[in-house]
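K.L.:
Sharing data_27.pdb here; it has PDB, C-alpha atoms.
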```pdb
MODEL        1
ATOM      1  CA  MET E 180     -36.577 -53.282 -19.439  1.00  0.00           C
ATOM      2  CA  LEU E 181     -33.061 -53.939 -18.078  1.00  0.00           C
ATOM      3  CA  THR E 182     -32.692 -57.458 -16.705  1.00  0.00           C
ATOM      4  CA  ILE E 183     -29.464 -58.645 -15.100  1.00  0.00           C
ATOM      5  CA  ARG E 184     -29.145 -62.344 -14.275  1.00  0.00           C
ATOM      6  CA  ASP E 185     -26.302 -64.197 -12.540  1.00  0.00           C
ATOM      7  CA  VAL E 186     -23.665 -61.726 -13.699  1.00  0.00           C
ATOM      8  CA  GLU E 187     -20.037 -62.242 -12.800  1.00  0.00           C
ATOM      9  CA  ALA E 188     -17.358 -59.659 -13.623  1.00  0.00           C
ATOM     10  CA  PHE E 189     -13.590 -59.697 -13.554  1.00  0.00           C
ATOM     11  CA  TYR E 190     -10.531 -57.479 -13.651  1.00  0.00           C
ATOM     12  CA  GLY E 191      -7.980 -59.917 -14.993  1.00  0.00           C
ATOM     13  CA  LYS E 192      -8.000 -62.895 -12.624  1.00  0.00           C
ATOM     14  CA  SER E 193      -9.748 -60.940  -9.850  1.00  0.00           C
ATOM     15  CA  GLN E 194     -13.486 -61.638  -9.619  1.00  0.00           C
ATOM     16  CA  VAL E 195     -15.570 -58.697  -8.380  1.00  0.00           C
ATOM     17  CA  LEU E 196     -19.207 -59.590  -9.128  1.00  0.00           C
ATOM     18  CA  ARG E 197     -20.519 -62.936  -7.946  1.00  0.00           C
ATOM     19  CA  GLY E 198     -23.894 -63.843  -9.403  1.00  0.00           C
ATOM     20  CA  VAL E 199     -25.634 -60.449  -9.427  1.00  0.00           C
ATOM     21  CA  SER E 200     -29.294 -60.386 -10.452  1.00  0.00           C
ATOM     22  CA  LEU E 201     -31.320 -57.170 -10.685  1.00  0.00           C
ATOM     23  CA  SER E 202     -33.935 -55.529 -12.896  1.00  0.00           C
ATOM     24  CA  VAL E 203     -34.970 -51.973 -13.718  1.00  0.00           C
ATOM     25  CA  ALA E 204     -38.293 -51.202 -15.412  1.00  0.00           C
ATOM     26  CA  GLY E 205     -39.285 -48.170 -17.461  1.00  0.00           C
ATOM     27  CA  GLY E 206     -40.144 -45.178 -15.291  1.00  0.00           C
ATOM     28  CA  GLU E 207     -38.346 -46.707 -12.319  1.00  0.00           C
ATOM     29  CA  ILE E 208     -35.311 -45.499 -10.391  1.00  0.00           C
ATOM     30  CA  VAL E 209     -33.411 -48.292  -8.700  1.00  0.00           C
ATOM     31  CA  ALA E 210     -30.828 -46.897  -6.283  1.00  0.00           C
ATOM     32  CA  LEU E 211     -27.807 -49.143  -5.822  1.00  0.00           C
ATOM     33  CA  LEU E 212     -26.188 -48.609  -2.432  1.00  0.00           C
ATOM     34  CA  GLY E 213     -23.163 -50.105  -0.732  1.00  0.00           C
ATOM     35  CA  ARG E 214     -19.774 -49.344   0.703  1.00  0.00           C
ATOM     36  CA  ASN E 215     -16.820 -48.471  -1.507  1.00  0.00           C
ATOM     37  CA  GLY E 216     -15.446 -51.660  -3.030  1.00  0.00           C
ATOM     38  CA  SER E 217     -18.761 -53.511  -2.888  1.00  0.00           C
ATOM     39  CA  GLY E 218     -18.936 -53.840  -6.680  1.00  0.00           C
ATOM     40  CA  ARG E 219     -21.458 -51.153  -7.606  1.00  0.00           C
ATOM     41  CA  SER E 220     -19.320 -49.331 -10.187  1.00  0.00           C
ATOM     42  CA  THR E 221     -18.165 -52.650 -11.609  1.00  0.00           C
ATOM     43  CA  LEU E 222     -21.803 -53.590 -12.210  1.00  0.00           C
ATOM     44  CA  ALA E 223     -22.291 -50.339 -14.120  1.00  0.00           C
ATOM     45  CA  LYS E 224     -19.225 -51.088 -16.234  1.00  0.00           C
ATOM     46  CA  ALA E 225     -20.409 -54.657 -16.798  1.00  0.00           C
ATOM     47  CA  ILE E 226     -23.719 -53.390 -18.162  1.00  0.00           C
ATOM     48  CA  VAL E 227     -21.994 -51.195 -20.758  1.00  0.00           C
ATOM     49  CA  GLY E 228     -19.245 -53.659 -21.627  1.00  0.00           C
ATOM     50  CA  LEU E 229     -16.227 -52.030 -19.990  1.00  0.00           C
ATOM     51  CA  VAL E 230     -15.140 -55.096 -17.999  1.00  0.00           C
ATOM     52  CA  GLU E 231     -14.988 -58.821 -18.671  1.00  0.00           C
ATOM     53  CA  ARG E 232     -18.318 -60.338 -17.660  1.00  0.00           C
ATOM     54  CA  ARG E 233     -20.376 -63.506 -17.780  1.00  0.00           C
ATOM     55  CA  GLY E 234     -24.055 -64.213 -17.261  1.00  0.00           C
ATOM     56  CA  SER E 235     -26.966 -62.417 -18.913  1.00  0.00           C
ATOM     57  CA  ILE E 236     -27.834 -58.729 -19.276  1.00  0.00           C
ATOM     58  CA  HIS E 237     -30.918 -58.049 -21.375  1.00  0.00           C
ATOM     59  CA  LEU E 238     -32.268 -54.712 -22.579  1.00  0.00           C
ATOM     60  CA  GLY E 239     -35.742 -55.766 -23.587  1.00  0.00           C
ATOM     61  CA  ALA E 240     -35.150 -58.759 -25.847  1.00  0.00           C
ATOM     62  CA  GLU E 241     -31.538 -57.800 -26.667  1.00  0.00           C
ATOM     63  CA  GLU E 242     -28.683 -59.647 -24.974  1.00  0.00           C
ATOM     64  CA  LEU E 243     -25.897 -57.194 -24.094  1.00  0.00           C
ATOM     65  CA  ILE E 244     -23.268 -59.705 -23.014  1.00  0.00           C
ATOM     66  CA  GLY E 245     -20.882 -60.017 -25.931  1.00  0.00           C
ATOM     67  CA  GLU E 246     -21.787 -56.637 -27.455  1.00  0.00           C
ATOM     68  CA  LYS E 247     -19.305 -53.779 -27.766  1.00  0.00           C
ATOM     69  CA  THR E 248     -19.832 -50.629 -25.720  1.00  0.00           C
ATOM     70  CA  PHE E 249     -20.772 -48.484 -28.735  1.00  0.00           C
ATOM     71  CA  ARG E 250     -23.394 -51.051 -29.753  1.00  0.00           C
ATOM     72  CA  ILE E 251     -24.855 -51.133 -26.234  1.00  0.00           C
ATOM     73  CA  ALA E 252     -25.242 -47.351 -26.438  1.00  0.00           C
ATOM     74  CA  GLN E 253     -26.923 -47.677 -29.838  1.00  0.00           C
ATOM     75  CA  LEU E 254     -29.367 -50.194 -28.365  1.00  0.00           C
ATOM     76  CA  GLY E 255     -30.471 -47.659 -25.746  1.00  0.00           C
ATOM     77  CA  VAL E 256     -28.231 -47.691 -22.663  1.00  0.00           C
ATOM     78  CA  GLY E 257     -26.889 -44.318 -21.538  1.00  0.00           C
ATOM     79  CA  TYR E 258     -23.920 -44.284 -19.169  1.00  0.00           C
ATOM     80  CA  VAL E 259     -22.807 -41.440 -16.912  1.00  0.00           C
ATOM     81  CA  PRO E 260     -19.447 -42.407 -15.372  1.00  0.00           C
ATOM     82  CA  GLU E 261     -18.228 -41.306 -11.982  1.00  0.00           C
ATOM     83  CA  ASN E 262     -15.420 -39.167 -13.445  1.00  0.00           C
ATOM     84  CA  ARG E 263     -17.856 -37.283 -15.755  1.00  0.00           C
ATOM     85  CA  ASP E 264     -15.627 -37.524 -18.852  1.00  0.00           C
ATOM     86  CA  VAL E 265     -16.397 -34.199 -20.524  1.00  0.00           C
ATOM     87  CA  PHE E 266     -14.248 -33.125 -23.476  1.00  0.00           C
ATOM     88  CA  PRO E 267     -12.515 -30.163 -21.806  1.00  0.00           C
ATOM     89  CA  GLU E 268     -11.349 -28.324 -24.928  1.00  0.00           C
ATOM     90  CA  LEU E 269     -14.745 -28.527 -26.616  1.00  0.00           C
ATOM     91  CA  THR E 270     -17.542 -26.114 -25.782  1.00  0.00           C
ATOM     92  CA  VAL E 271     -20.670 -27.117 -23.917  1.00  0.00           C
ATOM     93  CA  GLU E 272     -22.550 -27.019 -27.219  1.00  0.00           C
ATOM     94  CA  GLU E 273     -20.007 -29.278 -28.920  1.00  0.00           C
ATOM     95  CA  ASN E 274     -20.092 -31.736 -26.021  1.00  0.00           C
ATOM     96  CA  LEU E 275     -23.870 -31.906 -26.295  1.00  0.00           C
ATOM     97  CA  ARG E 276     -23.722 -32.521 -30.038  1.00  0.00           C
ATOM     98  CA  LEU E 277     -21.455 -35.517 -29.451  1.00  0.00           C
ATOM     99  CA  GLY E 278     -24.233 -37.114 -27.416  1.00  0.00           C
ATOM    100  CA  GLU E 279     -26.945 -36.692 -30.027  1.00  0.00           C
ATOM    101  CA  SER E 280     -28.524 -39.792 -31.516  1.00  0.00           C
ATOM    102  CA  ALA E 281     -31.122 -40.323 -34.199  1.00  0.00           C
ATOM    103  CA  ARG E 282     -32.217 -43.657 -32.703  1.00  0.00           C
ATOM    104  CA  ALA E 283     -35.940 -44.184 -32.473  1.00  0.00           C
ATOM    105  CA  ALA E 284     -36.977 -44.307 -28.836  1.00  0.00           C
ATOM    106  CA  LYS E 285     -40.125 -44.098 -26.750  1.00  0.00           C
ATOM    107  CA  VAL E 286     -38.744 -40.888 -25.233  1.00  0.00           C
ATOM    108  CA  CYS E 287     -36.796 -38.472 -27.443  1.00  0.00           C
ATOM    109  CA  TRP E 288     -34.886 -35.548 -25.991  1.00  0.00           C
ATOM    110  CA  ARG E 289     -34.197 -32.212 -27.682  1.00  0.00           C
ATOM    111  CA  HIS E 290     -31.915 -29.376 -26.642  1.00  0.00           C
ATOM    112  CA  GLU E 291     -34.975 -27.452 -25.461  1.00  0.00           C
ATOM    113  CA  ASP E 292     -35.775 -30.269 -23.027  1.00  0.00           C
ATOM    114  CA  ILE E 293     -32.214 -30.218 -21.732  1.00  0.00           C
ATOM    115  CA  PHE E 294     -32.220 -26.455 -21.176  1.00  0.00           C
ATOM    116  CA  ALA E 295     -35.534 -26.696 -19.322  1.00  0.00           C
ATOM    117  CA  LEU E 296     -33.863 -29.123 -16.900  1.00  0.00           C
ATOM    118  CA  PHE E 297     -30.520 -27.303 -16.749  1.00  0.00           C
ATOM    119  CA  PRO E 298     -30.906 -23.613 -17.716  1.00  0.00           C
ATOM    120  CA  ARG E 299     -27.276 -23.012 -16.731  1.00  0.00           C
ATOM    121  CA  LEU E 300     -26.080 -25.057 -19.704  1.00  0.00           C
ATOM    122  CA  LYS E 301     -27.843 -22.713 -22.122  1.00  0.00           C
ATOM    123  CA  GLU E 302     -26.028 -19.778 -20.541  1.00  0.00           C
ATOM    124  CA  ARG E 303     -22.680 -21.577 -20.932  1.00  0.00           C
ATOM    125  CA  LEU E 304     -23.097 -22.985 -24.453  1.00  0.00           C
ATOM    126  CA  LYS E 305     -19.996 -21.345 -25.911  1.00  0.00           C
ATOM    127  CA  VAL E 306     -17.781 -21.978 -22.880  1.00  0.00           C
ATOM    128  CA  PRO E 307     -15.129 -24.750 -22.971  1.00  0.00           C
ATOM    129  CA  ALA E 308     -16.281 -27.649 -20.802  1.00  0.00           C
ATOM    130  CA  GLY E 309     -12.939 -27.721 -19.025  1.00  0.00           C
ATOM    131  CA  VAL E 310     -13.616 -24.425 -17.239  1.00  0.00           C
ATOM    132  CA  LEU E 311     -17.038 -25.437 -15.927  1.00  0.00           C
ATOM    133  CA  SER E 312     -17.549 -26.050 -12.232  1.00  0.00           C
ATOM    134  CA  GLY E 313     -17.936 -29.618 -11.027  1.00  0.00           C
ATOM    135  CA  GLY E 314     -21.697 -29.194 -10.804  1.00  0.00           C
ATOM    136  CA  GLU E 315     -21.912 -27.780 -14.321  1.00  0.00           C
ATOM    137  CA  GLN E 316     -19.817 -30.643 -15.681  1.00  0.00           C
ATOM    138  CA  GLN E 317     -22.160 -33.123 -14.030  1.00  0.00           C
ATOM    139  CA  MET E 318     -25.143 -31.380 -15.622  1.00  0.00           C
ATOM    140  CA  LEU E 319     -23.367 -31.591 -18.967  1.00  0.00           C
ATOM    141  CA  THR E 320     -22.663 -35.318 -18.726  1.00  0.00           C
ATOM    142  CA  LEU E 321     -26.256 -36.067 -17.729  1.00  0.00           C
ATOM    143  CA  ALA E 322     -27.588 -33.862 -20.539  1.00  0.00           C
ATOM    144  CA  ARG E 323     -25.257 -35.430 -23.105  1.00  0.00           C
ATOM    145  CA  ALA E 324     -26.421 -38.900 -22.077  1.00  0.00           C
ATOM    146  CA  LEU E 325     -30.081 -37.904 -22.455  1.00  0.00           C
ATOM    147  CA  LEU E 326     -29.516 -36.607 -25.985  1.00  0.00           C
ATOM    148  CA  GLY E 327     -28.682 -40.198 -26.944  1.00  0.00           C
ATOM    149  CA  ASN E 328     -32.387 -40.970 -26.328  1.00  0.00           C
ATOM    150  CA  PRO E 329     -31.679 -43.852 -23.930  1.00  0.00           C
ATOM    151  CA  ASP E 330     -34.256 -46.285 -22.643  1.00  0.00           C
ATOM    152  CA  VAL E 331     -32.056 -46.862 -19.588  1.00  0.00           C
ATOM    153  CA  LEU E 332     -29.645 -44.516 -17.821  1.00  0.00           C
ATOM    154  CA  VAL E 333     -26.848 -45.984 -15.695  1.00  0.00           C
ATOM    155  CA  ILE E 334     -25.542 -43.190 -13.468  1.00  0.00           C
ATOM    156  CA  ASP E 335     -22.479 -43.648 -11.251  1.00  0.00           C
ATOM    157  CA  GLU E 336     -22.034 -41.397  -8.177  1.00  0.00           C
ATOM    158  CA  PRO E 337     -23.467 -38.195  -9.698  1.00  0.00           C
ATOM    159  CA  THR E 338     -23.366 -36.125  -6.494  1.00  0.00           C
ATOM    160  CA  GLU E 339     -19.729 -36.800  -5.559  1.00  0.00           C
ATOM    161  CA  GLY E 340     -18.118 -33.539  -4.387  1.00  0.00           C
ATOM    162  CA  LEU E 341     -21.085 -31.329  -5.308  1.00  0.00           C
ATOM    163  CA  ALA E 342     -22.660 -28.497  -3.330  1.00  0.00           C
ATOM    164  CA  PRO E 343     -26.049 -29.091  -1.643  1.00  0.00           C
ATOM    165  CA  LYS E 344     -27.913 -26.771  -4.062  1.00  0.00           C
ATOM    166  CA  VAL E 345     -26.580 -28.688  -7.053  1.00  0.00           C
ATOM    167  CA  ILE E 346     -27.600 -31.973  -5.424  1.00  0.00           C
ATOM    168  CA  GLU E 347     -31.137 -30.595  -5.022  1.00  0.00           C
ATOM    169  CA  LEU E 348     -31.164 -29.727  -8.728  1.00  0.00           C
ATOM    170  CA  LEU E 349     -30.036 -33.244  -9.627  1.00  0.00           C
ATOM    171  CA  ALA E 350     -32.825 -34.711  -7.498  1.00  0.00           C
ATOM    172  CA  GLU E 351     -35.316 -32.663  -9.507  1.00  0.00           C
ATOM    173  CA  PHE E 352     -33.656 -33.936 -12.680  1.00  0.00           C
ATOM    174  CA  PHE E 353     -34.098 -37.581 -11.615  1.00  0.00           C
ATOM    175  CA  HIS E 354     -37.782 -37.062 -10.864  1.00  0.00           C
ATOM    176  CA  ALA E 355     -38.360 -35.288 -14.205  1.00  0.00           C
ATOM    177  CA  VAL E 356     -36.593 -37.951 -16.271  1.00  0.00           C
ATOM    178  CA  ARG E 357     -38.391 -40.765 -14.476  1.00  0.00           C
ATOM    179  CA  ALA E 358     -41.735 -39.049 -15.157  1.00  0.00           C
ATOM    180  CA  ARG E 359     -41.036 -39.419 -18.887  1.00  0.00           C
ATOM    181  CA  GLY E 360     -40.596 -43.170 -18.571  1.00  0.00           C
ATOM    182  CA  VAL E 361     -36.810 -43.567 -18.669  1.00  0.00           C
ATOM    183  CA  ALA E 362     -35.432 -46.365 -16.475  1.00  0.00           C
ATOM    184  CA  MET E 363     -32.535 -45.412 -14.192  1.00  0.00           C
ATOM    185  CA  LEU E 364     -29.979 -47.388 -12.248  1.00  0.00           C
ATOM    186  CA  LEU E 365     -28.531 -44.859  -9.811  1.00  0.00           C
ATOM    187  CA  ILE E 366     -25.332 -45.669  -7.951  1.00  0.00           C
ATOM    188  CA  GLU E 367     -25.235 -43.258  -5.054  1.00  0.00           C
ATOM    189  CA  GLN E 368     -23.332 -42.857  -1.795  1.00  0.00           C
ATOM    190  CA  LYS E 369     -25.702 -40.315  -0.223  1.00  0.00           C
ATOM    191  CA  MET E 370     -28.405 -42.476   1.301  1.00  0.00           C
ATOM    192  CA  SER E 371     -30.782 -39.551   1.931  1.00  0.00           C
ATOM    193  CA  LEU E 372     -30.856 -38.627  -1.773  1.00  0.00           C
ATOM    194  CA  ALA E 373     -31.179 -42.243  -2.873  1.00  0.00           C
ATOM    195  CA  LEU E 374     -34.137 -42.862  -0.590  1.00  0.00           C
ATOM    196  CA  ASP E 375     -35.776 -39.620  -1.739  1.00  0.00           C
ATOM    197  CA  VAL E 376     -35.682 -40.323  -5.488  1.00  0.00           C
ATOM    198  CA  ALA E 377     -35.714 -44.125  -5.722  1.00  0.00           C
ATOM    199  CA  THR E 378     -38.737 -46.298  -6.342  1.00  0.00           C
ATOM    200  CA  ARG E 379     -36.706 -49.339  -5.286  1.00  0.00           C
ATOM    201  CA  VAL E 380     -33.399 -49.868  -3.517  1.00  0.00           C
ATOM    202  CA  ALA E 381     -30.755 -52.576  -3.796  1.00  0.00           C
ATOM    203  CA  VAL E 382     -27.728 -52.953  -1.542  1.00  0.00           C
ATOM    204  CA  MET E 383     -24.483 -54.587  -2.637  1.00  0.00           C
ATOM    205  CA  GLY E 384     -21.853 -56.229  -0.483  1.00  0.00           C
ATOM    206  CA  HIS E 385     -18.851 -58.320  -1.510  1.00  0.00           C
ATOM    207  CA  GLY E 386     -19.990 -58.395  -5.124  1.00  0.00           C
ATOM    208  CA  ARG E 387     -23.521 -59.623  -4.403  1.00  0.00           C
ATOM    209  CA  ILE E 388     -26.991 -58.133  -3.907  1.00  0.00           C
ATOM    210  CA  VAL E 389     -27.645 -58.491  -0.184  1.00  0.00           C
ATOM    211  CA  PHE E 390     -30.928 -56.567  -0.016  1.00  0.00           C
ATOM    212  CA  GLU E 391     -33.653 -55.468  -2.408  1.00  0.00           C
ATOM    213  CA  GLY E 392     -36.851 -53.660  -1.492  1.00  0.00           C
ATOM    214  CA  SER E 393     -38.586 -50.310  -1.153  1.00  0.00           C
ATOM    215  CA  PRO E 394     -36.901 -47.278   0.428  1.00  0.00           C
ATOM    216  CA  ARG E 395     -39.194 -47.703   3.423  1.00  0.00           C
ATOM    217  CA  GLU E 396     -38.223 -51.352   3.822  1.00  0.00           C
ATOM    218  CA  LEU E 397     -34.563 -50.383   3.856  1.00  0.00           C
ATOM    219  CA  THR E 398     -35.041 -47.692   6.501  1.00  0.00           C
ATOM    220  CA  GLU E 399     -36.817 -50.284   8.648  1.00  0.00           C
ATOM    221  CA  SER E 400     -34.011 -52.848   8.145  1.00  0.00           C
ATOM    222  CA  SER E 401     -31.523 -51.673  10.741  1.00  0.00           C
ATOM    223  CA  ASP E 402     -29.538 -54.905  10.466  1.00  0.00           C
ATOM    224  CA  ILE E 403     -28.924 -54.359   6.735  1.00  0.00           C
ATOM    225  CA  THR E 404     -27.986 -50.726   7.273  1.00  0.00           C
ATOM    226  CA  ARG E 405     -25.604 -51.554  10.089  1.00  0.00           C
ATOM    227  CA  GLU E 406     -23.914 -54.499   8.346  1.00  0.00           C
ATOM    228  CA  TRP E 407     -23.659 -53.228   4.773  1.00  0.00           C
ATOM    229  CA  LEU E 408     -23.930 -49.413   4.742  1.00  0.00           C
ATOM    230  CA  GLU E 409     -22.664 -47.845   7.949  1.00  0.00           C
ATOM    231  CA  VAL E 410     -18.985 -46.947   8.086  1.00  0.00           C
TER     232      VAL E 410
ENDMDL
END
```
What would the structure in this file look like if it were written as structure tokens?
P.N.:
Amino acid sequence: MLTIRDVEAFYGKSQVLRGVSLSVAGGEIVALLGRNGSGRSTLAKAIVGLVERRGSIHLGAEELIGEKTFRIAQLGVGYVPENRDVFPELTVEENLRLGESARAAKVCWRHEDIFALFPRLKERLKVPAGVLSGGEQQMLTLARALLGNPDVLVIDEPTEGLAPKVIELLAEFFHAVRARGVAMLLIEQKMSLALDVATRVAVMGHGRIVFEGSPRELTESSDITREWLEV
């Protein structure tokens, strides 16, 4: 569904990604691991058109390189940034409405589906998003992205700074969304969570993919873990 081939990305004259190739199929969660500065977030931004990039990124038959970010969203890529980006002065309900899309998709999401995944959001519908806890804001950004009926979700560091119980809830969310056939590229620092929810794992280092395989294969690859993941 999402096919990335030989992608390079730049911030001005500084090159961050160096020939990245990766794919994510429908109903698959690919966890992207790596140390800070390895290029993981830049890859997410390259997919949705937020940095200068070269190479090829296909969503199905559609080439995303050269498309604007709003068009990439319309084509079926949902993006959940690391900083969450809620509209603080708008209510939870208003934030959710901003994510709604009428695009035809294999999987369509309604507010009822969202509240089944995150009952807390239903309780907080009339509350300004700016007063939500960090965990509630993360639920809101994930829910808003789903209401766009994406074929692919690109999720950047969703558990950063969250309590263990909220992280458990997010793990349940990932499993539930995957079960409905949505593809997910999950950038995650917590290796235990990534290995629990992922169907496949990729590791980045110095702007390249240095490992790709199953969660079990990664746990058995002590050399990869030691060289590219351990602090």
K.L.:
Report as number ranges by chain the full result of the PyMOL selection byres ((chain E and resi 304-310) around 7) when it is applied to this structure.
P.N.:
E: 265-272, 300-303, 311-312, 316
K.L.:
Carefully work through the PyMOL selection byres ((chain E and resi 368) around 9) for this structure and note down the residues it includes, as a PyMOL selection string.
P.N.:
chain E and resi 211-215+336+338-339+366-367+369-373
K.L.:
State, in Å with one decimal place, the distance from CA of Glu261 (chain E) to CA of Pro337 (chain E).
P.N.:
6.5 Å
K.L.:
Between CA of Met363 (chain E) and CA of Gly205 (chain E), what is the distance, to one decimal in Å?
P.N.:
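We find that CA of Met363 (chain E) and CA of Gly205 (chain E) lie 8.0 Å from each other.
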K.L.:
Could you tell me, as a PyMOL selection string, exactly which residues end up selected when the PyMOL selection byres ((chain E and resi 240-256) around 8) is applied to this structure?
P.N.:
chain E and resi 226-229+232-239+257-258+282+284+327-333
